[in-house]
Structure formats: structure tokens, C-alpha cells
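S.K.: If it helps, the file is called model_1.csv and holds CSV, C-alpha atoms and all ligand atoms:
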chain,number,residue,atom,x,y,z
A,1,MET,CA,-10.1,16.1,3.4
A,2,SER,CA,-9.0,15.4,6.9
A,3,GLN,CA,-9.2,12.7,9.5
A,4,THR,CA,-8.1,12.6,13.1
A,5,SER,CA,-5.3,10.4,14.2
A,6,GLY,CA,-6.4,7.4,16.1
A,7,SER,CA,-3.5,5.0,16.3
A,8,GLY,CA,-0.6,4.6,18.6
A,9,GLY,CA,2.1,2.0,18.6
A,10,GLU,CA,2.0,-0.2,21.6
A,11,GLY,CA,5.7,0.4,22.3
A,12,HIS,CA,5.3,4.2,21.9
A,13,PRO,CA,1.9,5.4,23.1
A,14,GLY,CA,0.8,8.5,21.3
A,15,THR,CA,3.1,8.1,18.3
A,16,PRO,CA,2.7,5.3,15.8
A,17,ILE,CA,6.4,5.2,15.0
A,18,GLU,CA,9.5,5.2,17.1
A,19,PRO,CA,11.6,8.4,16.8
A,20,GLY,CA,14.7,6.7,15.5
A,21,GLU,CA,12.7,4.9,12.8
A,22,LEU,CA,11.0,8.1,12.0
A,23,SER,CA,14.3,9.9,11.2
A,24,LEU,CA,15.4,6.9,9.2
A,25,MET,CA,12.1,7.0,7.2
A,26,ASN,CA,12.7,10.7,6.4
A,27,SER,CA,16.3,10.1,5.4
A,28,ARG,CA,17.9,10.2,1.9
A,29,ALA,CA,18.8,6.5,2.5
A,30,ARG,CA,15.1,5.6,2.7
A,31,GLU,CA,14.4,7.6,-0.4
A,32,LEU,CA,17.1,5.8,-2.4
A,33,LEU,CA,15.8,2.4,-1.2
A,34,LEU,CA,12.2,3.4,-2.2
A,35,LYS,CA,13.4,4.6,-5.6
A,36,TYR,CA,15.8,1.8,-6.6
A,37,TRP,CA,14.4,-1.2,-4.8
A,38,ASP,CA,10.8,-1.1,-3.4
A,39,LEU,CA,9.1,0.8,-6.2
A,40,ARG,CA,11.1,-1.0,-8.9
A,41,LEU,CA,9.9,-4.4,-7.6
A,42,PHE,CA,6.3,-3.2,-7.8
A,43,SER,CA,6.7,-1.7,-11.2
A,44,ALA,CA,8.3,-4.9,-12.6
A,45,ALA,CA,5.5,-7.0,-11.0
A,46,MET,CA,2.8,-4.8,-12.5
A,47,ARG,CA,4.5,-4.9,-15.9
A,48,ARG,CA,4.6,-8.7,-15.8
A,49,HIS,CA,0.8,-8.8,-15.1
A,50,GLY,CA,-0.1,-6.1,-17.7
A,51,ILE,CA,-1.2,-3.6,-15.0
A,52,ASP,CA,-1.1,0.1,-16.1
A,53,LEU,CA,-2.0,2.8,-13.5
A,54,GLY,CA,-2.2,5.5,-16.1
A,55,ASP,CA,-6.0,5.9,-15.8
A,56,ALA,CA,-6.2,4.9,-12.2
A,57,VAL,CA,-7.2,6.4,-8.9
A,58,VAL,CA,-4.2,5.6,-6.7
A,59,LEU,CA,-4.0,5.8,-2.9
A,60,ASP,CA,-0.6,5.9,-1.0
A,61,ALA,CA,-1.7,4.8,2.5
A,62,GLY,CA,0.7,5.8,5.3
A,63,CYS,CA,2.7,8.0,2.9
A,64,GLY,CA,5.2,9.3,5.5
A,65,SER,CA,7.2,12.2,4.1
A,66,GLY,CA,5.5,11.8,0.7
A,67,TYR,CA,8.6,10.5,-1.1
A,68,SER,CA,6.7,7.3,-2.1
A,69,THR,CA,3.9,9.5,-3.3
A,70,LEU,CA,6.3,11.5,-5.5
A,71,LEU,CA,7.7,8.3,-7.0
A,72,ILE,CA,4.2,6.9,-7.7
A,73,TRP,CA,3.5,10.2,-9.5
A,74,GLU,CA,6.7,10.2,-11.5
A,75,MET,CA,6.6,6.5,-12.4
A,76,PHE,CA,2.9,5.8,-13.0
A,77,ARG,CA,1.2,9.2,-13.7
A,78,PRO,CA,-2.2,8.1,-12.3
A,79,ARG,CA,-5.3,10.0,-13.2
A,80,GLU,CA,-5.9,10.8,-9.5
A,81,LEU,CA,-3.5,10.5,-6.6
A,82,LEU,CA,-4.5,10.5,-2.9
A,83,ALA,CA,-2.2,10.0,0.0
A,84,PHE,CA,-2.5,10.1,3.8
A,85,ASP,CA,-0.6,9.5,7.0
A,86,VAL,CA,-1.7,9.4,10.6
A,87,MET,CA,1.0,11.9,11.7
A,88,PRO,CA,0.2,15.5,10.8
A,89,GLU,CA,3.9,16.5,10.6
A,90,GLN,CA,4.5,13.8,8.0
A,91,VAL,CA,1.5,15.1,6.1
A,92,GLU,CA,3.0,18.6,6.2
A,93,ARG,CA,6.3,17.2,4.8
A,94,ALA,CA,4.4,15.4,2.0
A,95,ARG,CA,2.3,18.4,1.1
A,96,ALA,CA,5.5,20.6,0.9
A,97,ARG,CA,6.5,18.6,-2.1
A,98,GLY,CA,3.9,20.4,-4.1
A,99,LEU,CA,2.6,17.2,-5.8
A,100,PRO,CA,-0.7,17.1,-7.8
A,101,ALA,CA,-2.2,14.9,-5.1
A,102,THR,CA,-4.8,15.2,-2.4
A,103,ILE,CA,-2.8,14.6,0.9
A,104,PHE,CA,-4.6,14.4,4.2
A,105,VAL,CA,-4.3,13.2,7.8
A,106,GLY,CA,-5.9,9.9,8.1
A,107,ASP,CA,-5.9,6.5,9.9
A,108,ILE,CA,-5.7,3.4,7.9
A,109,THR,CA,-7.8,1.6,10.5
A,110,GLY,CA,-10.7,4.1,10.1
A,111,LEU,CA,-10.6,5.4,6.5
A,112,HIS,CA,-13.1,8.0,5.5
A,113,LEU,CA,-13.1,7.0,1.8
A,114,ALA,CA,-16.0,5.5,-0.1
A,115,ASP,CA,-16.2,1.8,-0.8
A,116,GLN,CA,-14.5,0.7,-4.1
A,117,SER,CA,-13.2,4.3,-4.7
A,118,CYS,CA,-9.6,3.3,-5.6
A,119,ASP,CA,-8.1,1.3,-8.4
A,120,ALA,CA,-4.8,0.8,-6.6
A,121,VAL,CA,-3.5,1.2,-3.1
A,122,PHE,CA,0.1,1.3,-2.0
A,123,VAL,CA,0.8,0.3,1.6
A,124,LEU,CA,4.6,0.5,2.3
A,125,GLY,CA,5.6,-0.7,5.8
A,126,VAL,CA,2.5,0.7,7.6
A,127,LEU,CA,0.3,-2.2,8.8
A,128,HIS,CA,2.9,-3.7,11.2
A,129,HIS,CA,2.8,-0.4,13.0
A,130,CYS,CA,-0.9,-0.7,13.7
A,131,PRO,CA,-2.0,-2.6,16.8
A,132,ASN,CA,-5.3,-3.1,14.9
A,133,TRP,CA,-3.6,-4.0,11.6
A,134,ARG,CA,-6.4,-6.5,10.6
A,135,GLU,CA,-8.9,-3.6,10.5
A,136,GLY,CA,-6.4,-1.5,8.5
A,137,LEU,CA,-6.2,-4.3,5.9
A,138,ALA,CA,-10.0,-4.7,5.9
A,139,GLN,CA,-10.3,-0.9,5.2
A,140,VAL,CA,-7.9,-1.1,2.3
A,141,ALA,CA,-9.9,-4.0,0.9
A,142,ARG,CA,-13.1,-2.0,1.3
A,143,VAL,CA,-11.8,1.1,-0.6
A,144,LEU,CA,-10.4,-1.0,-3.5
A,145,ARG,CA,-12.7,-1.7,-6.4
A,146,ASP,CA,-13.2,-5.3,-7.5
A,147,GLY,CA,-10.2,-6.2,-9.6
A,148,GLY,CA,-8.2,-3.3,-8.1
A,149,VAL,CA,-4.6,-4.0,-6.9
A,150,LEU,CA,-2.8,-3.7,-3.6
A,151,LEU,CA,1.0,-3.1,-3.6
A,152,LEU,CA,2.0,-4.1,-0.1
A,153,GLU,CA,5.3,-4.5,1.7
A,154,GLU,CA,5.8,-5.5,5.3
A,155,PRO,CA,8.6,-7.0,7.5
A,156,GLY,CA,9.0,-10.7,8.1
A,157,LYS,CA,10.1,-12.6,11.2
A,158,ARG,CA,13.8,-11.9,10.7
A,159,HIS,CA,13.3,-8.2,10.6
A,160,ILE,CA,11.0,-8.2,13.6
A,161,ALA,CA,13.5,-10.3,15.6
A,162,LEU,CA,16.3,-7.9,14.6
A,163,GLU,CA,14.2,-4.9,15.7
A,164,ARG,CA,13.5,-6.6,19.0
A,165,ALA,CA,17.2,-7.4,19.5
A,166,LEU,CA,18.5,-3.9,18.6
A,167,LEU,CA,15.7,-1.7,20.2
A,168,GLY,CA,14.4,-4.0,22.9
A,169,TRP,CA,10.9,-3.9,21.4
A,170,ALA,CA,9.3,-4.3,18.0
A,171,SER,CA,6.5,-2.3,16.4
A,172,THR,CA,4.5,-5.5,16.0
A,173,CYS,CA,4.5,-6.2,19.8
A,174,ASP,CA,1.3,-8.0,20.8
A,175,SER,CA,-0.5,-7.3,17.6
A,176,GLY,CA,0.0,-10.9,16.2
A,177,PHE,CA,1.5,-9.4,13.1
A,178,ASN,CA,3.8,-11.6,10.9
A,179,LEU,CA,3.8,-12.5,7.2
A,180,GLU,CA,2.0,-15.7,7.8
A,181,SER,CA,-0.9,-14.0,9.6
A,182,LEU,CA,-0.8,-11.3,7.0
A,183,ARG,CA,-1.3,-13.9,4.2
A,184,GLN,CA,-4.2,-15.4,6.0
A,185,GLU,CA,-5.8,-12.1,6.5
A,186,LEU,CA,-5.3,-11.1,2.9
A,187,ALA,CA,-7.2,-14.2,1.9
A,188,ARG,CA,-9.9,-13.5,4.5
A,189,VAL,CA,-10.6,-10.0,3.1
A,190,GLY,CA,-10.7,-11.2,-0.5
A,191,LEU,CA,-7.2,-10.0,-1.6
A,192,ALA,CA,-5.5,-12.7,-3.7
A,193,VAL,CA,-1.7,-12.7,-3.7
A,194,VAL,CA,-0.8,-12.5,-7.4
A,195,GLU,CA,3.0,-12.3,-6.6
A,196,GLU,CA,5.1,-12.3,-3.5
A,197,LYS,CA,8.8,-11.5,-3.6
A,198,PRO,CA,11.5,-11.1,-0.9
A,199,LEU,CA,12.6,-7.5,-0.4
A,200,TYR,CA,15.8,-6.4,1.4
A,201,PHE,CA,17.3,-9.9,1.2
A,202,GLY,CA,14.1,-11.4,2.7
A,203,LEU,CA,13.8,-9.1,5.7
A,204,PHE,CA,10.6,-7.8,4.1
A,205,GLY,CA,8.0,-9.4,1.8
A,206,SER,CA,6.7,-7.5,-1.2
A,207,PHE,CA,3.2,-8.4,-2.4
A,208,LEU,CA,1.1,-7.7,-5.5
A,209,CYS,CA,-2.5,-8.5,-4.6
A,210,ALA,CA,-5.8,-8.2,-6.5
A,211,LYS,CA,-9.2,-7.8,-5.0
A,212,MET,CA,-11.3,-10.7,-6.2
A,213,ALA,CA,-15.0,-10.9,-5.7
A,214,GLY,CA,-15.5,-14.7,-5.5
A,215,HIS,CA,-12.6,-16.7,-6.9
A,216,THR,CA,-9.1,-15.9,-5.7
A,217,SER,CA,-6.7,-18.5,-7.3
A,218,PRO,CA,-4.0,-17.1,-9.6
A,219,GLU,CA,-5.6,-19.0,-12.5
A,220,HIS,CA,-8.9,-17.1,-12.0
A,221,ILE,CA,-7.0,-13.8,-11.8
A,222,VAL,CA,-5.3,-14.4,-15.2
A,223,ALA,CA,-8.6,-15.6,-16.7
A,224,ARG,CA,-10.4,-12.5,-15.5
A,225,ARG,CA,-7.7,-10.2,-16.8
A,226,LEU,CA,-7.9,-11.8,-20.2
A,227,LEU,CA,-11.7,-11.6,-20.2
A,228,HIS,CA,-11.4,-7.9,-19.3
A,229,THR,CA,-8.9,-7.3,-22.1
A,230,PHE,CA,-11.0,-9.1,-24.7
A,231,SER,CA,-14.3,-7.4,-23.6
A,232,THR,CA,-12.5,-4.0,-23.7
A,233,ALA,CA,-11.1,-4.7,-27.1
A,234,GLY,CA,-14.6,-5.9,-28.2
A,235,ASP,CA,-16.2,-2.7,-26.9
A,236,MET,CA,-13.7,-0.6,-28.8
A,237,ALA,CA,-14.2,-2.6,-32.0
A,238,ALA,CA,-18.0,-2.2,-31.6
A,239,SER,CA,-17.8,1.6,-31.1
A,240,HIS,CA,-15.5,1.8,-34.1
A,241,GLU,CA,-18.0,-0.1,-36.3
A,242,VAL,CA,-20.8,2.3,-35.2
A,243,GLN,CA,-18.7,5.4,-36.0
A,244,THR,CA,-17.6,4.1,-39.5
B,1,LIG,C1,7.7,2.8,8.3
B,1,LIG,S1,6.9,4.3,7.9
B,1,LIG,C2,6.7,4.2,6.1
B,1,LIG,C3,6.5,5.5,5.4
B,1,LIG,C4,6.4,5.4,3.9
B,1,LIG,N1,5.3,4.6,3.5
B,1,LIG,C5,7.7,4.8,3.3
B,1,LIG,O1,7.6,3.7,2.8
B,1,LIG,O2,8.7,5.5,3.4
B,1,LIG,C6,5.3,4.0,8.5
B,1,LIG,C7,4.4,5.2,8.3
B,1,LIG,O3,3.1,4.7,8.6
B,1,LIG,C8,2.4,5.7,9.3
B,1,LIG,N2,1.3,5.1,10.1
B,1,LIG,C9,1.5,4.3,11.2
B,1,LIG,N3,0.2,4.0,11.7
B,1,LIG,C10,-0.7,4.5,10.8
B,1,LIG,C11,-2.1,4.5,10.7
B,1,LIG,N4,-2.8,3.9,11.6
B,1,LIG,N5,-2.7,5.1,9.7
B,1,LIG,C12,-1.9,5.8,8.8
B,1,LIG,N6,-0.6,5.8,8.8
B,1,LIG,C13,0.1,5.2,9.8
B,1,LIG,C14,3.5,6.4,10.2
B,1,LIG,O4,3.2,7.6,10.6
B,1,LIG,C15,4.7,6.3,9.2
B,1,LIG,O5,4.7,7.5,8.4
Represent the structure of the file as C-alpha cells.

M.R.:
Amino acid sequence: MSQTSGSGGEGHPGTPIEPGELSLMNSRARELLLKYWDLRLFSAAMRRHGIDLGDAVVLDAGCGSGYSTLLIWEMFRPRELLAFDVMPEQVERARARGLPATIFVGDITGLHLADQSCDAVFVLGVLHHCPNWREGLAQVARVLRDGGVLLLEEPGKRHIALERALLGWASTCDSGFNLESLRQELARVGLAVVEEKPLYFGLFGSFLCAKMAGHTSPEHIVARRLLHTFSTAGDMAASHEVQT
């Protein structure tokens, strides 16, 4: 599976990510943060909402060096794992980990995956790098099945201001990206925020979202999950009765 790269950061034409940030992203420090902070937040949120990825098709969008893909595999053991990044050299790094995953070059703003083909999508710090991040989010919503979950983390205003002060530019330049516009866009594409937590002392936001066809309030999400649990239990009881 392969797609061509189509995005470029506004501050760094041709590459979606600034070289300093790239080496930070590929560092042991980033790996430790992912392992002991980012993924733990997601795992705890999913536990609280009774979400189990054991039988799921999971996509790691913008997987970078593939360390997040490795953690997703180790922590959740999904039935099928897919991962992609727009940078071919990052995809090479991810593939070199030898994971039981399909890893390909792809652009989140133009995904060649079928509608409703994934049960869960992880998007860790990717959208704010995309000039056309709204389309990236719409693509994620498209490939998620109804009731599927999005695990999303992106920087907030304080991080963006810090980036601008330290580097003289921010990856979100001119794209209109901030957490408020992200929340509005999530609602627009039918992704309900089930939980939102601060990450890195509030520099980032960490979101657990669910794709809801129709109603998107937290009460409806809980009601739908209970209905699903009861109907699954009912199906199992019925098939047990037939067999016995
Ligand atoms: C900040 S890094 C995060 C990497 C990884 N998710 C992590 O958490 O360590 C952002 C990643 O998004 C990728 N990226 C940027 N724009 C993208 C796009 N349009 N489609 C796919 N990946 C993209 C970059 O190449 C980079 O690997």
C-alpha cells in the first residue's frame, strides 16, 4: 500500500516538519513521553469507557518513527494494525521495527482507505502540521466506522505561542489551527468528544472521540454503548440457546 506525499508545512516548504522537531520526535525522550504519558492517558480513558481494541482494526495516522505504532501493538494487540506517515524516511524507520503492521507512505489529507474501514484511529500531533488540517480530520472521520473511536492529541495556544517565541514561527502558521477550532471541526465532521484531558501540563489537549451518526451528546454515547453491550449479550445468549 503506498501513497504519495502531498503536504508541506507552511514554514518549511517540501517538508511537513521542521528539522529540529523531527530529531526531537525521533529521540528517546519522545519515546518515553509516548510510553509513560500520552498512551497511558488514552489507555485510561478507554478503560473508563469500556473500550477494548482487541478485536479492532486500528490506524496510527502520522506514525513518525513508528514508536507509537509499537506501543499500540504492545498495549492493545489489535486484530489488524495499519500505520502511515507522509515522510518516506519516517516510514522506513517505522518498518524497520518489524511490527506485524501494514505501514505505508500516505497523506492524512488524502487517505486512500475505504470509508468506515477502521475501528480506531490514533492521531498524535499530526493535524497541526497540515495547512489543510480540516480535510485531514474529515478523512479520519470518513475512514472511521460509526461508533469507532479517535484518539487525538494536538497542541494548544500556549504551546503554539512558545513555538513561535523559540523558533520564530509555528507549524500552525496561517492554517487557523487551535484547540477551539479543532473542537468545532470535530463536531462538524460528526466526532463527539467523549473526554478531553490536558496533556504536558496543558500545553497539549488529549481527546477521546467517538464517531456518532446522528446524536453526539455524551448521554447518547453512553446510551448507545449500553445498547450495544446488551444487544451483543442478547445475541450471545440466543446463539447459546440454539446450540444447547
Ligand atoms: C510531531 S510528529 C508526531 C509523530 C508521531 N505521531 C509521534 O507522536 O511521535 C508529526 C508527524 O506527522 C507527520 N505528518 C505531517 N503532515 C502529515 C500528513 N499530511 N500526512 C501524514 N503525516 C503527516 C510528520 O511527518 C511527522 O512524522

S.K.: As a PyMOL selection string, please: every protein or nucleic acid residue near ligand LIG 1 (chain B) (cut-off 8 Å, counting all atoms listed in the file).

M.R.: chain A and resi 5-9+15-17+21-22+25-26+30-31+34+60-68+84-87+90+105-109+123-127+129-130+133+136

S.K.: Quick one, how far is atom CA of Gln139 of chain A from atom CA of Gln116 of chain A?

M.R.: 10.3 Å

S.K.: Restricting the calculation to all atoms listed in the file, which member of A:Ser181, A:Thr102, A:Ser171, A:Ser43 is positioned closest to Ala83 of chain A?

M.R.: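 Closest residue, counting all atoms listed in the file: A:Thr102.
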
S.K.: Could you work out how far atom CA of Ile103 of chain A lies from atom CA of Arg28 of chain A, giving the answer in Å with one decimal?

M.R.: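 The value is 21.2 Å.
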
S.K.: Give me, please, the distance in Å between atom CA of Ala192 of chain A and atom CA of Leu208 of chain A, quoted to one decimal.

M.R.: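 Straight-line distance from atom CA of Ala192 of chain A to atom CA of Leu208 of chain A works out to 8.5 Å.
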
S.K.: Neighbouring residues of Asp115 of chain A were defined as those with any atom within 12 Å, considering all atoms listed in the file; residues of the same chain fewer than 6 positions away were excluded. Please report them as a ChimeraX atom specification.

M.R.: /A:138-146,148

S.K.: Pick out the closest residue to Trp37 of chain A from this set: A:Cys209, A:Leu71, A:Ala114, A:Glu135. Count only C-alpha atoms.

M.R.: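 When distances to Trp37 of chain A are compared using only C-alpha atoms, the smallest one comes from A:Leu71.
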
S.K.: Take the point (-7.2, -14.1, -1.0) as written in the file and pick out every residue within 9 Å of it, counting all atoms listed in the file; give the list as a list in words.

M.R.: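 Taken together, the residues in range are Arg183, Gln184, Glu185, Leu186, Ala187, Arg188, Val189, Gly190, Leu191, Ala192, Val193, Cys209, Ala210, Lys211, Met212, His215, Thr216 and Ser217 of chain A.
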
S.K.: Could you check which of A:Leu182, A:Val194, A:Leu203, A:Ala101 is closest to Leu162 of chain A, using all atoms listed in the file?

M.R.: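 Between A:Leu182, A:Val194, A:Leu203, A:Ala101, the residue approaching Leu162 of chain A most closely is A:Leu203.
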
S.K.: Check the smallest atom-to-atom distance from each of A:Thr172, A:Ser27, A:Thr69, A:Ser206 to Leu151 of chain A using all atoms listed in the file, then report the winner.

M.R.: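 Among A:Thr172, A:Ser27, A:Thr69, A:Ser206, it is A:Ser206 that comes nearest to Leu151 of chain A.
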